[in-house]
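Colleague: Submitted below is the structure of interest, expressed as structure tokens.
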Amino acid sequence: MNGTFSSLLMLLAIAVVLVWLFRRIKLPAILAYLVAGIIAGPEVMEWIKDPDDYHLVAELGIVFLLFSLGLEFSLPKMMAMRRWVFGLGAAQVIGSLLVFMLIGFLWLGEWAASLAIAGALALSSTAVVIKQLKESAQTATRRGQMTVAILLFQDIAVVPLLIIIPLLASDSGSIGYTLLIALAKGTAVIAVLMAVGKWVLPYLFKEIAKQRTDELFVLATLLVALVAGGMTHLFGLSMALGAFLAGMMLGESQYKHQLEADIRPFRDILMGLFFTTIGMQLQLTGFVNNLHWILLAVLVMSIVKIAIISSVARLMGERDTDAWGSAISLFQMGEFGFVIVALANNHNLLSPEIVTSMIGIGVFSMAITPIIIHRLKPLVDAIIRTPDSIEQIESQRTPQGDGLENQVLICGFGRTGQTISRFLDAEGITHIAVDNDPLRVQEAVAGGARVYFGDSARKDILRAVGAEKVDLVIISFADDARAVEVLKELRLLNPNAYVIVRSRDDQNLNALQNAGASQVVPDTLEASLMLISHVLSHSGIPIRRILARLDKERRNHYGEMHGFFQGSETDMGPEMVDKLEFLRAVTLPEGAWANGKTVASLDWEQHNVQLKAIRREDEEYPNPDDATEFEPQDVVLLVGKPRYVEAAERWLLEG
């Protein structure tokens with residue numbers, strides 16, 4: 001017992017260090033867990049001599065992973081993107097399976113092992129690719145949507161692969177009969193689970209939610225995932241299938257986000273242990289000896305997948321830049337590939353040498369994926385030999401006028417920065433913004449804003465957005481320390497620009513002015529001035545006298561307003577977030593329910609949202625006419641509270 005505890009403790013310690021290190025160098029945490037398993041396994045430190053001791057924990061990790069996948073599975077989104085999902089996605093998976101199976105059979109002479117290898121290589125990394133697309137603000141592009149659609153079909157394809165591989169291992173000769181029995185069992189268990197999901201689970205979680213007890217909700221979530229997995233296991237099928245179905249049933253409920261939050265810590269920890277068990281199975285000697293074959297396999301896998309995706313996409317009428325961009329993004333082996341390799345290894349379909357090679361292929365391809373996606377533009381340029389083509393595609397994500405000289409630079413595109421941008425747009429003042437939140441940039445770009453991702457405290461970023469040429473700079477975020485850093489770099493590039501800096505209060509007024517701020521606008525003091533103006537106006541003071549008094553205070557840097565009686569300050573809690581209204585940009589893919597319908601025919605008030613504008617082919621149409629019809633690839637800008645905006649997005653997709 002002491003030995004087992006010590007081994008587990010050392011494994012967790014090395015995992016913590018490696019995950020921290022890998023995140024610092026921008027590599028996926030999955031690779032850190034794999035390396036931790038290699039170090040702790042029988043090939044290196046021998047802390048854990050038999051990886052099978054952790055088989056149950058690893059299987060639970062797969063169960064929770066599939067449960068989370070079911071929660072994120074969106075049938076309306078899949079149907080709205082069905083042309084790409086069932087056309088391009090299906091062609092990629094089926095084509096890759098056939099090619100890799102043929103290669104595997106010629107190499108091994110066994111169909112079962114060949115299918116396991118082909119299934120692992122045909123799937124790409126949903127976690128890594130989606131994360132990199134978001135960080136590089138490519139999710140809203142057409143190639144980004146194509147990539148997501150292919151990944152969606154790959155996620156669906158995981159489920160039958162997890163069912164078929166154990167059946168092939170136990171087959172006694174009649175594979176058709178075995179698959180027919182499995183299909184019958186699967187139909188029965190799906191019917192039972194769907195009935196439970198429709199009639200029992202909503203009532204169960206409704207009663208649990210009434211108790212307002214987090215522990216009870218977490219326990220119920222774990223119980224549902226494990227019971228569903230246990231039911232499919234009793235029918236002789238994969239536990240992962242039951243967990244996926246349970247997640248899918250609960251994915252459309254109002255408890256979806258709470259369920260995701262509850263299951264995430266268990267999923268992440270158990271999946272980390274699962275990947276460490278995969279790493280323990282790596283034979284370092286065999287890995288080093290076969291490194292050249294592993295690199296060759298990565299090259300062949302990449303060529304096959306890129307060729308299939310780009311060819312099919314172009315046959316479907318997609319532009320070369322989109323086709324090649326999506327294809328290159330999906331060249332790697334994914335996390336589900338490790339799941340399939342582990343399953344095949346547990347059923348003795350693959351030899352230890354092949355398992356080692358497959359792990360090596362996955363580790364190497366996933367490690368270079370972030371580099372490839374962030375260098376996607378020059379790679380596509382090099383392939384199609386039209387350097388200007390990508391810029392043309394990228395310009396579709398940003399409004400026209402990028403070639404115009406900007407009059408204003410906004411550093412920070414939060415709520416204040418967006419408000420400033422809207423007023424500048426209304427007056428026809430050209431401007432550009434930079435923000436370091438990738439999700440915000442992605443949403444803003446999809447909505448037509450001219451905003452770019454980057455840290456405005458870096459000189460190269462400021463130079464890239466033309467800071468040395470603008471006349472006016474606005475630092476809209478209320479972080480005084482970061483604003484000082486921006487001011488120092490900005491003044492080196494543009495000493496003559498007028499710089500307005502937002503601050504929470506007047507505590508760092510002198511520091512900001514000394515760093516180069518032309519005007520500092522403290523939130524608390526400006527709020528006081530606005531209150532003063534209303535009070536004086538209501539008291540009968542002439543408006544000119546009020547404006548002169550306010551202007552005097554600002555020119556004197558709020559000299560008479562410094563100093564106050566400090567009391568307890570209360571920050572805005574989570575319950576206040578839902579009282580705010582947010583903008584959301586919704587892209588209508590081909591097959592969306594709203595396509596072809598007019599603005600007037602949709603009941604916006606019933607869904608508690610407002611239609612702000614429609615962006616179509618680089619043109620923005622604010623407050624569109626009632627007769628305007630929605631078209632595929634329209635970007636719809638909605639305004640409303642978070643839960644209503646999210647529901648309205650599903651409504652536009654599915655009806």
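In the structure tokens, chains take the letters A, B, ... in the order shown, each chain's residues start at 1, and ligands count up from 1 in the order shown.
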Could you list, with a cut-off of 12 Å and counting only C-alpha atoms, the residues of range 251-303 of chain A near range 89-107 of chain A, each shown with its nearest atom pair and the distance in Å rounded to one decimal, rows sorted by chain and ascending number, as a Markdown table?
Modeller:
```
| residue | atom | partner | partner_atom | distance |
| --- | --- | --- | --- | --- |
| A:Ala297 | CA | A:Phe100 | CA | 10.5 |
| A:Val300 | CA | A:Phe100 | CA | 9.6 |
| A:Met301 | CA | A:Phe100 | CA | 8.2 |
| A:Ser302 | CA | A:Ser96 | CA | 10.5 |
| A:Ile303 | CA | A:Ser96 | CA | 10.5 |
```
Colleague: Can I get the selection written as a short mmCIF file (atom, residue, chain, number, x, y, z; two decimals), in the first residue's frame, with all heavy atoms?
Modeller:
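Produced file result26.cif, reproduced below:
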```cif
data_model
loop_
_atom_site.label_atom_id
_atom_site.label_comp_id
_atom_site.auth_asym_id
_atom_site.auth_seq_id
_atom_site.Cartn_x
_atom_site.Cartn_y
_atom_site.Cartn_z
N ALA A 297 5.92 7.82 -40.97
CA ALA A 297 4.48 7.60 -40.79
C ALA A 297 3.74 8.92 -40.60
O ALA A 297 2.63 9.10 -41.12
CB ALA A 297 4.24 6.67 -39.61
N VAL A 300 3.47 10.46 -44.05
CA VAL A 300 2.45 9.78 -44.87
C VAL A 300 1.05 10.13 -44.38
O VAL A 300 0.14 10.42 -45.18
CB VAL A 300 2.67 8.25 -44.85
CG1 VAL A 300 1.50 7.53 -45.53
CG2 VAL A 300 3.99 7.89 -45.52
N MET A 301 0.83 10.08 -43.06
CA MET A 301 -0.47 10.43 -42.50
C MET A 301 -0.87 11.85 -42.90
O MET A 301 -2.03 12.10 -43.30
CB MET A 301 -0.42 10.30 -40.97
CG MET A 301 -1.68 10.78 -40.26
SD MET A 301 -1.53 10.77 -38.45
CE MET A 301 -0.32 12.09 -38.21
N SER A 302 0.06 12.78 -42.80
CA SER A 302 -0.23 14.17 -43.13
C SER A 302 -0.60 14.33 -44.60
O SER A 302 -1.57 15.01 -44.95
CB SER A 302 0.97 15.06 -42.79
OG SER A 302 1.33 14.92 -41.44
N ILE A 303 0.17 13.67 -45.47
CA ILE A 303 -0.08 13.79 -46.91
C ILE A 303 -1.45 13.22 -47.27
O ILE A 303 -2.21 13.84 -48.03
CB ILE A 303 1.03 13.06 -47.71
CG1 ILE A 303 2.36 13.81 -47.55
CG2 ILE A 303 0.66 12.94 -49.18
CD1 ILE A 303 3.55 13.10 -48.16
#
```
Colleague: I need the residue nearest Ala220 in chain A from this list: A:Ile263, A:Ala191, A:Leu168, A:Val501. Use only C-alpha atoms for the distance.
Modeller: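 Distance minimum relative to Ala220 in chain A lands on A:Ile263.
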Colleague: Find the residue from A:Phe235, A:Gln138, A:Leu638, A:Met248 that sits nearest to Gly70 in chain A; use only C-alpha atoms when measuring.
Modeller: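 Closest to Gly70 in chain A, using only C-alpha atoms: A:Met248.
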Colleague: Which neighbours of range 607-612 of chain A fall inside 9 Å, counting only C-alpha atoms, when residues of the same chain fewer than 5 positions from it are skipped, and could you give them as a PyMOL selection string?
Modeller: chain A and resi 583+599+621-624+636-641+644-645+647-648+651
Colleague: With a distance cut-off of 8 Å and only C-alpha atoms, select the neighbouring residues of Leu330 in chain A, excluding the residue or stretch itself and same-chain residues fewer than 5 positions from it, and output the selection as a ChimeraX atom specification.
Modeller: /A:124-125,129,147,305-306
Colleague: With C-alpha atoms retained, write the just-selected residues as a PDB file, in the first residue's frame.
Modeller:
```pdb
ATOM      1  CA  SER A 124      -7.499  14.652 -35.577  1.00  0.00           C
ATOM      2  CA  SER A 125      -7.146  16.510 -32.293  1.00  0.00           C
ATOM      3  CA  VAL A 129      -7.026  22.400 -33.100  1.00  0.00           C
ATOM      4  CA  THR A 147     -12.397  22.539 -39.808  1.00  0.00           C
ATOM      5  CA  LYS A 305      -5.314  13.559 -44.811  1.00  0.00           C
ATOM      6  CA  ILE A 306      -4.331  16.848 -46.430  1.00  0.00           C
TER       7      ILE A 306
END
```
Colleague: Neighbours of Ala517 in chain A within 8 Å (only C-alpha atoms; same-chain residues fewer than 6 positions away dropped), as a PyMOL selection string?
Modeller: chain A and resi 487+498-501
